Amino acid sequence: MTINKKKVVLAYSGGLDTTYCALYLSKELNMDVYTALGNTGGFSGKELADIEERTKQLGVIEHVSLDITKEYYEKCIKYMIMGNVLKNNTYPLSVSSERAFQAMAIAQYAHSIGADYIAHGSTGAGNDQIRFDLIFKIMAPNAEIITPTRDLELSRETEINYLKENGINANFEKMKYSINAGIWGTSIGGKETLSSNLPLPEDAYPKQVVKTEPEKLSIEFKEGELIAVNGEKVSHPLEAIKKIEEAGSAFGIGRDMHIGDTIIGTKGRVAFEAAAPLMIIQAHQTLEKHTLTKWQMHWKEQIANFYGMLLHEAQYLEPVMRNMETFLVDTQKNVNGTVTIQMCPKYFQVEGIESPNDLMSDLFGQYGESNEGWTADDVKGFTNILANSLKIYHTVNKK
């Protein structure tokens with residue numbers, strides 16, 4: 001008599017945790033395992049081929065790579081640029097923003113093949129378990145969620161030993177670090193990030209410094225979106241992001257350590273490299289300082305900070321996110337122009353902007369030098385009126 005095995009879709013990245021889970025689900029739970037990789041632009045063609053080849057050692061029935069990079073840009077990255085979103089003024093939400101899109105794509109795949117279960121390799125100590133669980137519960141409500149790494153409370157050493165015992169060959173030295181790569185940056189976790197004082201070793205960063213002589217980079221925006229790099233027009237903003245990342249990463253730009261509050265309430269620490277996101281956001285923000293009013297800037301900052309918080313905490317499907325995206329797009333009508341950056345080893349500087357919408361116009365005067373749109377008497381009268389409310393308060397309260 002033929003026994004039909006249960007079908008499970010595993011969110012697979014090729015890293016240690018998901019490699020362990022694939023073998024465990026196949027060998028220990030006797031399931032038909034289907035692996036799905038949500039590619040957000042962090043893999044080369046060779047890397048994707050190598051990952052698919054590795055799944056053949058793990059008893060996987062089928063492996064698919066789901067390219068969601070363009071969707072990720074159109075539905076998320078462009079809003080993070082428009083909002084200048086940096087978690088704790090540091091981290092460009094490289095991994096936390098992409099997880100929702102990976103989870104949604106994997107849930108859709110699970111539904112398409114009629115999976116009984118859906119699995120991921122997140123531990124019980126971080127944010128990703130919440131992000132995957134939440135999206136799966138909404139997008140694949142009939143598939144039970146399995147999480148071996150979390151449920152068995154496995155250490156990285158335990159997983160490595162299990163794979164070795166089962167004849168799985170891999171670069172286990174490299175697997176000592178948890179590396180998550182995407183078009184919007186790469187996060188790196190390891191023993192150093194579990195402490196509060198240790199820096200990440202130089203060789204733990206996937207991209208190394210290969211240039212030391214300063215170079216200039218120009219980035220052009222139209223209505224807040226990337227349209228050219230170094231004067232060369234691009235067919236899509238993703239092309240610009242790739243060019244900027246290639247230029248900046250050669251200098252080791254974009255490296256930092258993010259310390260923040262996890263969704264479950266603990267403090268977390270993770271290293272990252274994100275040359276393109278950090279340069280793009282600072283360039284875009286500088287351009288906005290020239291082209292938006294102070295109240296546009298003020299409310300953009302409030303809304304974008306809230307947008308980034310909800311995105312980080314797995315709330316992408318909350319309807320208010322669409323409302324905030326509408327606001328962000330509306331603020332970008334006059335965010336047009338070119339920003340010049342100087343790149344140096346491990347840092348960069350924004351040098352200046354050129355824009356047809358630059359509000360720093362000399363038609364009304366030059367700051368600290370000349371006034372063309374008002375007189376000295378105008379300023380005296382203006383200041384008298386401006387002082388009224390404070391004069392009243394301090395007089396009445398005898399301050």
# chains A, B, ... in the order shown; residues from 1 in each chain; ligands from 1
>>> select_by_dssp(residues="stretch 217-272 of chain A", states="strand (DSSP E)", output="number ranges by chain")
A: 217-222, 225-229, 232-233, 255-261, 267-272
>>> residues_around(residues="A:Gly38", least_positions_apart="4", cutoff="8 Å", atoms="only C-alpha atoms", output="ChimeraX atom specification")
/A:11-13,65-68,101-103,105-106
>>> write_last_selection(atoms="all heavy atoms", output="short mmCIF file (atom, residue, chain, number, x, y, z; two decimals), in the first residue's frame")
data_model
loop_
_atom_site.label_atom_id
_atom_site.label_comp_id
_atom_site.auth_asym_id
_atom_site.auth_seq_id
_atom_site.Cartn_x
_atom_site.Cartn_y
_atom_site.Cartn_z
N ALA A 11 10.99 27.65 3.42
CA ALA A 11 11.65 28.89 3.00
C ALA A 11 13.15 28.66 3.11
O ALA A 11 13.69 28.52 4.20
CB ALA A 11 11.21 30.04 3.91
N TYR A 12 13.81 28.63 1.96
CA TYR A 12 15.20 28.16 1.92
C TYR A 12 16.14 29.25 1.40
O TYR A 12 15.86 29.89 0.39
CB TYR A 12 15.29 26.94 1.00
CG TYR A 12 16.62 26.24 1.01
CD1 TYR A 12 16.99 25.42 2.07
CD2 TYR A 12 17.51 26.38 -0.05
CE1 TYR A 12 18.21 24.77 2.08
CE2 TYR A 12 18.74 25.74 -0.05
CZ TYR A 12 19.09 24.93 1.02
OH TYR A 12 20.30 24.29 1.04
N SER A 13 17.25 29.44 2.12
CA SER A 13 18.23 30.45 1.71
C SER A 13 19.57 29.84 1.32
O SER A 13 20.42 30.53 0.76
CB SER A 13 18.45 31.46 2.84
OG SER A 13 19.09 30.81 3.94
N SER A 65 13.53 29.02 -7.30
CA SER A 65 14.01 30.35 -6.95
C SER A 65 13.00 31.35 -7.46
O SER A 65 12.71 31.41 -8.65
CB SER A 65 15.38 30.61 -7.59
OG SER A 65 15.81 31.92 -7.31
N LEU A 66 12.43 32.12 -6.53
CA LEU A 66 11.37 33.07 -6.87
C LEU A 66 11.98 34.48 -6.89
O LEU A 66 12.31 35.04 -5.86
CB LEU A 66 10.25 32.99 -5.82
CG LEU A 66 9.70 31.59 -5.55
CD1 LEU A 66 8.80 31.60 -4.32
CD2 LEU A 66 8.95 31.06 -6.77
N ASP A 67 12.15 35.02 -8.10
CA ASP A 67 12.76 36.34 -8.23
C ASP A 67 11.71 37.42 -7.97
O ASP A 67 10.84 37.67 -8.80
CB ASP A 67 13.38 36.53 -9.62
CG ASP A 67 14.25 37.79 -9.69
OD1 ASP A 67 14.16 38.62 -8.78
OD2 ASP A 67 15.02 37.92 -10.65
N ILE A 68 11.82 38.06 -6.81
CA ILE A 68 10.84 39.08 -6.42
C ILE A 68 11.51 40.45 -6.29
O ILE A 68 10.96 41.36 -5.67
CB ILE A 68 10.15 38.69 -5.10
CG1 ILE A 68 11.20 38.38 -4.02
CG2 ILE A 68 9.23 37.50 -5.31
CD1 ILE A 68 10.61 38.12 -2.65
N PHE A 101 8.21 40.18 1.75
CA PHE A 101 8.05 39.83 0.34
C PHE A 101 8.48 38.38 0.07
O PHE A 101 7.87 37.69 -0.75
CB PHE A 101 8.83 40.83 -0.52
CG PHE A 101 8.24 42.19 -0.45
CD1 PHE A 101 8.63 43.08 0.54
CD2 PHE A 101 7.23 42.58 -1.32
CE1 PHE A 101 8.04 44.32 0.65
CE2 PHE A 101 6.64 43.83 -1.23
CZ PHE A 101 7.05 44.70 -0.23
N GLN A 102 9.53 37.95 0.77
CA GLN A 102 9.92 36.55 0.66
C GLN A 102 8.81 35.65 1.19
O GLN A 102 8.44 34.65 0.55
CB GLN A 102 11.22 36.31 1.43
CG GLN A 102 12.42 37.00 0.81
CD GLN A 102 13.64 37.00 1.72
OE1 GLN A 102 13.52 36.98 2.94
NE2 GLN A 102 14.82 37.05 1.13
N ALA A 103 8.26 36.01 2.35
CA ALA A 103 7.21 35.19 2.96
C ALA A 103 5.96 35.14 2.08
O ALA A 103 5.35 34.08 1.91
CB ALA A 103 6.87 35.73 4.34
N ALA A 105 5.76 35.53 -1.21
CA ALA A 105 6.02 34.73 -2.41
C ALA A 105 6.04 33.24 -2.09
O ALA A 105 5.52 32.41 -2.85
CB ALA A 105 7.36 35.15 -3.03
N ILE A 106 6.63 32.88 -0.97
CA ILE A 106 6.72 31.48 -0.57
C ILE A 106 5.33 30.94 -0.20
O ILE A 106 4.99 29.79 -0.53
CB ILE A 106 7.72 31.31 0.58
CG1 ILE A 106 9.14 31.57 0.05
CG2 ILE A 106 7.63 29.92 1.22
CD1 ILE A 106 10.17 31.83 1.13
#
>>> residues_around(residues="A:Ser195", least_positions_apart="3", cutoff="12 Å", atoms="only C-alpha atoms", output="list in words")
Gly189, Gly190, Lys191, Glu192, Leu198, Pro199, Leu200, Met257, Ile259, Lys267, Gly268, Arg269, Val270 and Ala271 of chain A
>>> residues_around(residues="A:Met309", least_positions_apart="4", cutoff="12 Å", atoms="only C-alpha atoms", output="list in words")
Met80, Gly83, Val85, Leu86, Lys87, Asn88, Asn89, Tyr91, Pro92, Leu93, Ser96, Ser97, Gly260, Asp261, Thr262, Ile263, Gln302, Ile303, Ala304, Asn305, Glu313, Ala314, Gln315, Tyr316 and Met321 of chain A
>>> write_last_selection(atoms="N, CA, C and O atoms", output="short mmCIF file (atom, residue, chain, number, x, y, z; two decimals), in the first residue's frame")
data_model
loop_
_atom_site.label_atom_id
_atom_site.label_comp_id
_atom_site.auth_asym_id
_atom_site.auth_seq_id
_atom_site.Cartn_x
_atom_site.Cartn_y
_atom_site.Cartn_z
N MET A 80 10.98 53.46 0.96
CA MET A 80 12.02 53.66 1.97
C MET A 80 12.98 54.78 1.53
O MET A 80 13.48 55.53 2.37
N GLY A 83 11.10 58.05 1.98
CA GLY A 83 10.99 58.37 3.39
C GLY A 83 12.33 58.51 4.10
O GLY A 83 12.36 58.80 5.29
N VAL A 85 14.26 56.21 5.10
CA VAL A 85 14.05 55.33 6.25
C VAL A 85 15.36 54.68 6.71
O VAL A 85 15.99 53.91 5.98
N LEU A 86 15.75 55.01 7.94
CA LEU A 86 16.90 54.39 8.60
C LEU A 86 16.48 54.06 10.03
O LEU A 86 16.17 54.96 10.82
N LYS A 87 16.45 52.79 10.36
CA LYS A 87 16.07 52.37 11.71
C LYS A 87 17.11 52.87 12.71
O LYS A 87 18.30 52.65 12.54
N ASN A 88 16.64 53.58 13.74
CA ASN A 88 17.53 54.17 14.74
C ASN A 88 18.59 55.06 14.09
O ASN A 88 19.73 55.13 14.56
N ASN A 89 18.21 55.72 12.99
CA ASN A 89 19.11 56.61 12.24
C ASN A 89 20.37 55.90 11.75
O ASN A 89 21.38 56.55 11.48
N TYR A 91 20.24 51.94 10.36
CA TYR A 91 20.07 50.72 9.57
C TYR A 91 19.00 50.89 8.49
O TYR A 91 17.86 51.27 8.81
N PRO A 92 19.32 50.62 7.22
CA PRO A 92 18.34 50.84 6.15
C PRO A 92 17.31 49.72 5.97
O PRO A 92 16.74 49.56 4.89
N LEU A 93 17.08 48.94 7.03
CA LEU A 93 16.09 47.86 7.00
C LEU A 93 16.36 46.87 5.87
O LEU A 93 15.44 46.40 5.20
N SER A 96 15.05 43.22 7.24
CA SER A 96 13.71 43.26 7.82
C SER A 96 12.65 43.68 6.82
O SER A 96 11.50 43.24 6.90
N SER A 97 13.00 44.50 5.84
CA SER A 97 12.01 44.93 4.86
C SER A 97 11.73 43.86 3.81
O SER A 97 10.63 43.78 3.27
N GLY A 260 19.23 47.55 18.10
CA GLY A 260 17.83 47.99 18.18
C GLY A 260 16.98 47.05 18.99
O GLY A 260 17.43 46.02 19.49
N ASP A 261 15.71 47.43 19.10
CA ASP A 261 14.74 46.64 19.85
C ASP A 261 14.07 45.64 18.93
O ASP A 261 13.55 46.00 17.88
N THR A 262 14.10 44.38 19.33
CA THR A 262 13.42 43.35 18.54
C THR A 262 11.92 43.42 18.77
O THR A 262 11.44 44.05 19.71
N ILE A 263 11.18 42.74 17.91
CA ILE A 263 9.72 42.72 18.03
C ILE A 263 9.31 42.07 19.34
O ILE A 263 8.29 42.43 19.94
N GLN A 302 8.10 62.32 10.48
CA GLN A 302 7.24 61.62 11.43
C GLN A 302 6.63 60.37 10.79
O GLN A 302 6.66 59.27 11.36
N ILE A 303 6.08 60.56 9.61
CA ILE A 303 5.38 59.45 8.95
C ILE A 303 6.35 58.37 8.51
O ILE A 303 6.10 57.17 8.68
N ALA A 304 7.50 58.78 7.96
CA ALA A 304 8.47 57.80 7.49
C ALA A 304 9.05 56.99 8.64
O ALA A 304 9.33 55.78 8.51
N ASN A 305 9.24 57.62 9.79
CA ASN A 305 9.74 56.91 10.95
C ASN A 305 8.74 55.84 11.39
O ASN A 305 9.11 54.70 11.71
N GLU A 313 8.57 45.67 12.02
CA GLU A 313 7.85 44.78 12.93
C GLU A 313 6.78 43.94 12.22
O GLU A 313 5.78 43.57 12.81
N ALA A 314 7.03 43.65 10.95
CA ALA A 314 6.24 42.66 10.19
C ALA A 314 4.83 43.10 9.85
O ALA A 314 3.97 42.28 9.56
N GLN A 315 4.58 44.43 9.84
CA GLN A 315 3.23 44.92 9.61
C GLN A 315 3.02 45.44 8.18
O GLN A 315 2.20 46.34 7.96
N TYR A 316 3.74 44.87 7.22
CA TYR A 316 3.62 45.36 5.84
C TYR A 316 2.17 45.28 5.34
O TYR A 316 1.73 46.13 4.56
N MET A 321 -0.22 51.24 5.95
CA MET A 321 1.03 51.34 5.19
C MET A 321 0.76 51.92 3.80
O MET A 321 1.54 52.71 3.28
#
>>> residues_around(residues="stretch 241-250 of chain A", least_positions_apart="5", cutoff="7 Å", atoms="only C-alpha atoms", output="list in words")
Lys207, Gln208, Val209, Val210, Lys211, Ala275, Ala276 and Met343 of chain A
>>> decode(residues="stretch 38-58 of chain A", atoms="N, CA, C and O atoms", output="CSV table (one decimal), in the first residue's frame")
chain,number,residue,atom,x,y,z
A,38,GLY,N,13.2,33.0,-1.8
A,38,GLY,CA,12.7,34.3,-2.2
A,38,GLY,C,13.9,35.2,-2.5
A,38,GLY,O,14.5,35.7,-1.6
A,39,ASN,N,14.2,35.4,-3.8
A,39,ASN,CA,15.4,36.1,-4.2
A,39,ASN,C,15.1,37.6,-4.3
A,39,ASN,O,14.3,38.1,-5.2
A,40,THR,N,15.7,38.4,-3.4
A,40,THR,CA,15.5,39.9,-3.5
A,40,THR,C,16.7,40.6,-4.0
A,40,THR,O,17.0,41.7,-3.6
A,41,GLY,N,17.4,39.9,-4.9
A,41,GLY,CA,18.5,40.5,-5.6
A,41,GLY,C,19.9,40.3,-5.0
A,41,GLY,O,20.9,41.0,-5.4
A,42,GLY,N,20.0,39.4,-4.0
A,42,GLY,CA,21.3,39.2,-3.3
A,42,GLY,C,22.1,38.0,-3.8
A,42,GLY,O,23.1,37.7,-3.2
A,43,PHE,N,21.7,37.4,-4.9
A,43,PHE,CA,22.4,36.2,-5.4
A,43,PHE,C,22.8,36.3,-6.8
A,43,PHE,O,22.0,36.8,-7.7
A,44,SER,N,24.0,35.8,-7.1
A,44,SER,CA,24.4,35.7,-8.5
A,44,SER,C,23.8,34.5,-9.1
A,44,SER,O,23.3,33.6,-8.4
A,45,GLY,N,23.9,34.3,-10.5
A,45,GLY,CA,23.4,33.1,-11.1
A,45,GLY,C,24.1,31.9,-10.6
A,45,GLY,O,23.5,30.8,-10.4
A,46,LYS,N,25.4,32.0,-10.4
A,46,LYS,CA,26.2,30.8,-10.0
A,46,LYS,C,25.8,30.5,-8.5
A,46,LYS,O,25.6,29.3,-8.2
A,47,GLU,N,25.6,31.4,-7.7
A,47,GLU,CA,25.1,31.1,-6.3
A,47,GLU,C,23.8,30.4,-6.3
A,47,GLU,O,23.6,29.5,-5.5
A,48,LEU,N,22.9,30.9,-7.1
A,48,LEU,CA,21.6,30.2,-7.2
A,48,LEU,C,21.7,28.8,-7.7
A,48,LEU,O,21.0,27.9,-7.2
A,49,ALA,N,22.6,28.6,-8.7
A,49,ALA,CA,22.8,27.2,-9.2
A,49,ALA,C,23.4,26.3,-8.1
A,49,ALA,O,23.0,25.2,-8.0
A,50,ASP,N,24.4,26.9,-7.4
A,50,ASP,CA,25.0,26.1,-6.3
A,50,ASP,C,24.0,25.7,-5.2
A,50,ASP,O,24.0,24.6,-4.7
A,51,ILE,N,23.1,26.7,-4.9
A,51,ILE,CA,22.1,26.4,-3.8
A,51,ILE,C,21.2,25.3,-4.3
A,51,ILE,O,20.8,24.4,-3.5
A,52,GLU,N,20.7,25.4,-5.5
A,52,GLU,CA,19.8,24.4,-6.0
A,52,GLU,C,20.5,23.0,-6.1
A,52,GLU,O,19.9,22.0,-5.7
A,53,GLU,N,21.8,23.0,-6.4
A,53,GLU,CA,22.6,21.7,-6.4
A,53,GLU,C,22.7,21.1,-5.0
A,53,GLU,O,22.5,19.9,-4.9
A,54,ARG,N,22.8,22.0,-4.0
A,54,ARG,CA,23.0,21.5,-2.7
A,54,ARG,C,21.7,20.8,-2.2
A,54,ARG,O,21.7,19.9,-1.4
A,55,THR,N,20.5,21.3,-2.6
A,55,THR,CA,19.3,20.8,-2.2
A,55,THR,C,19.1,19.3,-2.6
A,55,THR,O,18.4,18.5,-1.9
A,56,LYS,N,19.8,18.9,-3.6
A,56,LYS,CA,19.7,17.5,-4.1
A,56,LYS,C,20.4,16.6,-3.1
A,56,LYS,O,20.0,15.4,-3.1
A,57,GLN,N,21.3,17.1,-2.3
A,57,GLN,CA,21.9,16.2,-1.2
A,57,GLN,C,21.0,16.0,0.0
A,57,GLN,O,21.2,15.2,0.8
A,58,LEU,N,19.9,16.9,0.0
A,58,LEU,CA,19.1,16.9,1.2
A,58,LEU,C,17.8,16.2,1.1
A,58,LEU,O,17.0,16.3,2.1
